[in-house]
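Raw coords-v8.cif, mmCIF, C-alpha atoms:
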```cif
data_query
#
loop_
_atom_site.group_PDB
_atom_site.id
_atom_site.type_symbol
_atom_site.label_atom_id
_atom_site.label_comp_id
_atom_site.auth_asym_id
_atom_site.auth_seq_id
_atom_site.Cartn_x
_atom_site.Cartn_y
_atom_site.Cartn_z
ATOM 1 C CA MET A 1 49.176 77.897 -5.992
ATOM 2 C CA GLN A 2 45.455 77.392 -6.526
ATOM 3 C CA ILE A 3 45.974 73.782 -7.632
ATOM 4 C CA ALA A 4 48.080 73.037 -4.546
ATOM 5 C CA VAL A 5 45.418 74.496 -2.244
ATOM 6 C CA LEU A 6 42.756 72.500 -4.094
ATOM 7 C CA MET A 7 44.706 69.259 -3.662
ATOM 8 C CA VAL A 8 45.202 69.941 0.064
ATOM 9 C CA HIS A 9 41.474 70.745 0.307
ATOM 10 C CA VAL A 10 40.501 67.391 -1.229
ATOM 11 C CA VAL A 11 42.894 65.462 1.025
ATOM 12 C CA LEU A 12 41.527 67.267 4.087
ATOM 13 C CA ALA A 13 37.953 66.503 3.037
ATOM 14 C CA ILE A 14 38.723 62.796 2.722
ATOM 15 C CA ALA A 15 40.593 62.779 6.051
ATOM 16 C CA VAL A 16 37.724 64.507 7.872
ATOM 17 C CA VAL A 17 35.218 61.993 6.484
ATOM 18 C CA VAL A 18 37.408 59.045 7.510
ATOM 19 C CA LEU A 19 37.969 60.415 11.011
ATOM 20 C CA ILE A 20 34.267 61.056 11.516
ATOM 21 C CA LEU A 21 33.466 57.505 10.452
ATOM 22 C CA LEU A 22 36.100 56.123 12.867
ATOM 23 C CA GLN A 23 34.530 57.782 15.888
ATOM 24 C CA GLN A 24 31.961 56.011 17.982
ATOM 25 C CA GLY A 25 28.551 57.442 18.653
ATOM 26 C CA LYS A 26 27.228 58.550 22.045
ATOM 27 C CA GLY A 27 25.390 55.264 22.580
ATOM 28 C CA ALA A 28 28.528 53.152 22.160
ATOM 29 C CA GLU A 29 29.224 53.018 25.922
ATOM 30 C CA ALA A 30 26.546 50.359 26.341
ATOM 31 C CA GLY A 31 28.691 47.934 24.355
ATOM 32 C CA ALA A 32 31.444 48.136 26.965
ATOM 33 C CA ALA A 33 29.276 46.166 29.415
ATOM 34 C CA PHE A 34 29.401 43.190 27.065
ATOM 35 C CA GLY A 35 33.183 43.215 26.568
ATOM 36 C CA GLY A 36 33.485 45.678 23.688
ATOM 37 C CA GLY A 37 35.347 48.354 25.654
ATOM 38 C CA SER A 38 38.704 46.597 25.822
ATOM 39 C CA SER A 39 39.518 47.469 22.207
ATOM 40 C CA GLN A 40 39.977 51.154 23.161
ATOM 41 C CA SER A 41 43.072 50.486 25.258
ATOM 42 C CA VAL A 42 45.335 51.596 22.380
ATOM 43 C CA PHE A 43 44.593 55.273 23.121
ATOM 44 C CA GLY A 44 44.757 54.916 26.902
ATOM 45 C CA SER A 45 42.145 54.451 29.581
ATOM 46 C CA SER A 46 39.997 57.350 28.367
ATOM 47 C CA GLY A 47 39.684 55.825 24.917
ATOM 48 C CA GLY A 48 40.263 57.448 21.555
ATOM 49 C CA GLY A 49 37.310 59.809 21.763
ATOM 50 C CA ASN A 50 39.233 62.864 22.930
ATOM 51 C CA PHE A 51 42.163 62.285 20.574
ATOM 52 C CA LEU A 52 39.999 61.675 17.505
ATOM 53 C CA ALA A 53 37.748 64.635 18.343
ATOM 54 C CA LYS A 54 40.725 67.001 18.601
ATOM 55 C CA VAL A 55 42.282 65.778 15.351
ATOM 56 C CA THR A 56 38.911 66.032 13.570
ATOM 57 C CA GLY A 57 38.436 69.577 14.886
ATOM 58 C CA GLY A 58 41.905 70.596 13.684
ATOM 59 C CA LEU A 59 41.375 69.107 10.241
ATOM 60 C CA ALA A 60 37.962 70.760 10.008
ATOM 61 C CA ALA A 61 39.543 74.133 10.819
ATOM 62 C CA LEU A 62 42.150 73.593 8.086
ATOM 63 C CA PHE A 63 39.349 72.578 5.712
ATOM 64 C CA PHE A 64 37.597 75.898 6.376
ATOM 65 C CA VAL A 65 40.835 77.817 5.785
ATOM 66 C CA THR A 66 41.385 76.108 2.435
ATOM 67 C CA SER A 67 37.724 76.762 1.544
ATOM 68 C CA LEU A 68 38.216 80.465 2.184
ATOM 69 C CA ALA A 69 41.444 80.457 0.172
ATOM 70 C CA LEU A 70 39.714 78.805 -2.784
ATOM 71 C CA ALA A 71 36.877 81.331 -2.568
ATOM 72 C CA TYR A 72 39.436 84.149 -2.616
ATOM 73 C CA PHE A 73 41.154 82.657 -5.671
ATOM 74 C CA ALA A 74 37.813 82.290 -7.450
ATOM 75 C CA SER A 75 36.789 85.881 -6.775
ATOM 76 C CA HIS A 76 40.118 87.292 -8.005
ATOM 77 C CA ALA A 77 40.483 84.996 -11.009
ATOM 78 C CA GLY A 78 40.160 87.792 -13.557
ATOM 79 C CA SER A 79 37.783 88.090 -16.442
ATOM 80 C CA ALA A 80 36.306 84.761 -17.393
ATOM 81 C CA PRO A 81 34.329 84.237 -20.569
ATOM 82 C CA GLN A 82 30.789 85.460 -20.115
ATOM 83 C CA SER A 83 28.334 82.641 -19.615
ATOM 84 C CA GLY A 84 24.588 82.602 -19.676
ATOM 85 C CA ILE A 85 22.155 84.031 -22.191
ATOM 86 C CA PRO A 86 23.958 86.106 -24.837
ATOM 87 C CA ASP A 87 22.800 89.529 -26.003
ATOM 88 C CA ALA A 88 20.764 89.956 -29.179
ATOM 89 C CA GLN A 89 23.788 91.420 -30.995
ATOM 90 C CA VAL A 90 25.832 88.290 -30.295
ATOM 91 C CA ILE A 91 23.022 86.110 -31.590
ATOM 92 C CA GLU A 92 22.766 88.181 -34.789
ATOM 93 C CA GLN A 93 26.513 87.855 -35.375
ATOM 94 C CA GLN A 94 26.320 84.089 -35.026
ATOM 95 C CA HIS A 95 23.305 83.759 -37.313
ATOM 96 C CA ASN A 96 24.224 80.923 -39.680
ATOM 97 C CA GLY A 97 21.419 81.324 -42.196
ATOM 98 C CA ALA A 98 19.043 78.768 -40.721
ATOM 99 C CA PRO A 99 15.405 79.873 -41.026
ATOM 100 C CA THR A 100 13.842 81.288 -37.887
ATOM 101 C CA LEU A 101 10.391 82.550 -36.971
ATOM 102 C CA ASP A 102 11.516 86.120 -37.635
ATOM 103 C CA ASP A 103 12.428 85.453 -41.270
ATOM 104 C CA GLY A 104 8.847 85.946 -42.490
ATOM 105 C CA GLU A 105 7.924 84.582 -45.923
ATOM 106 C CA GLN A 106 11.364 83.093 -46.512
ATOM 107 C CA SER A 107 10.733 80.226 -44.111
ATOM 108 C CA MET A 108 7.119 79.507 -45.082
ATOM 109 C CA ASN A 109 8.002 76.480 -47.215
ATOM 110 C CA ASN A 110 7.010 73.965 -44.524
ATOM 111 C CA ALA A 111 4.826 71.700 -46.620
ATOM 112 C CA ALA A 112 5.336 68.052 -45.851
ATOM 113 C CA PRO A 113 5.989 65.825 -48.867
ATOM 114 C CA ALA A 114 2.963 63.833 -49.946
ATOM 115 C CA LEU A 115 3.214 60.058 -50.016
ATOM 116 C CA GLU A 116 2.773 58.673 -53.482
ATOM 117 C CA GLU A 117 0.743 55.530 -53.867
ATOM 118 C CA GLU A 118 1.725 52.983 -56.440
ATOM 119 C CA GLU A 119 -0.969 51.681 -58.759
ATOM 120 C CA GLY A 120 -2.557 48.435 -57.684
ATOM 121 C CA GLN A 121 -1.883 48.888 -53.986
ATOM 122 C CA SER A 122 -4.515 50.018 -51.601
ATOM 123 C CA THR A 123 -3.979 51.739 -48.282
ATOM 124 C CA SER A 124 -6.853 49.992 -46.490
ATOM 125 C CA ASN A 125 -6.020 47.547 -43.764
ATOM 126 C CA PRO A 126 -7.526 43.993 -43.938
#
```
Just give me the structure of the file as structure tokens.
Amino acid sequence: MQIAVLMVHVVLAIAVVVLILLQQGKGAEAGAAFGGGSSQSVFGSSGGGNFLAKVTGGLAALFFVTSLALAYFASHAGSAPQSGIPDAQVIEQQHNGAPTLDDGEQSMNNAAPALEEEEGQSTSNP
């Protein structure tokens, strides 16, 4: 059920974006004086503004309903694995033997290996 609602939600989101992009802005009436207004005769003499606005409003309402449904599903999903910073006991159980700062003298062997120079070679730069 949750997957079906999610798919409907995505389709509604895409449809709302497309319908918003199809609508003309408030300043589009100025283009009608230069012959651009005749293309709106498909939706009648009032143009497609009212029709597209009503369809966009309906799809937006359905989008909000599916958003609320998905939020309900997420809140009643049950016990999910705990995420975030684990407790100290969990960290101690997962300790894999790598040295840490708390190991004391055991991890003090941090000496870097010394480079050995071969005889006859000097390290000075020309």
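The gap separating atom CA of Leu62 of chain A from atom CA of Val8 of chain A is 9.3 Å, in Å to one decimal.
If you measure from each of A:Leu21, A:Ala13, A:Ala71, A:Ile91 to Leu59 of chain A using all atoms listed in the file, the closest one turns out to be A:Ala13.
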message: Around the point (35.3, 69.5, 9.2) (coordinates from the file), which residues reach within 9 Å if we count only C-alpha atoms? Answer as a VMD selection string.
response: chain A and resid 12 to 13 16 to 17 20 56 to 64
- request: Please write the residues picked by the PyMOL selection byres ((chain A and resi 3) around 12) on this file as a count of residues only.
  value: 14
- prompt: Distance atom CA of Tyr72 of chain A-atom CA of Ala53 of chain A, one decimal place?
  reply: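 If I compute the distance from atom CA of Tyr72 of chain A to atom CA of Ala53 of chain A, I get 28.7 Å.
Computed from the coordinates, the atom CA of Val11 of chain A to atom CA of Val65 of chain A distance equals 13.4 Å.
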Enclosing box along x, y and z for every listed atom of segment 1-14 of chain A, padded 3 Å each side, centre and size in Å, one decimal, as JSON:
```
{"center_x": 43.6, "center_y": 70.3, "center_z": -1.8, "size_x": 17.2, "size_y": 21.1, "size_z": 17.7}
```
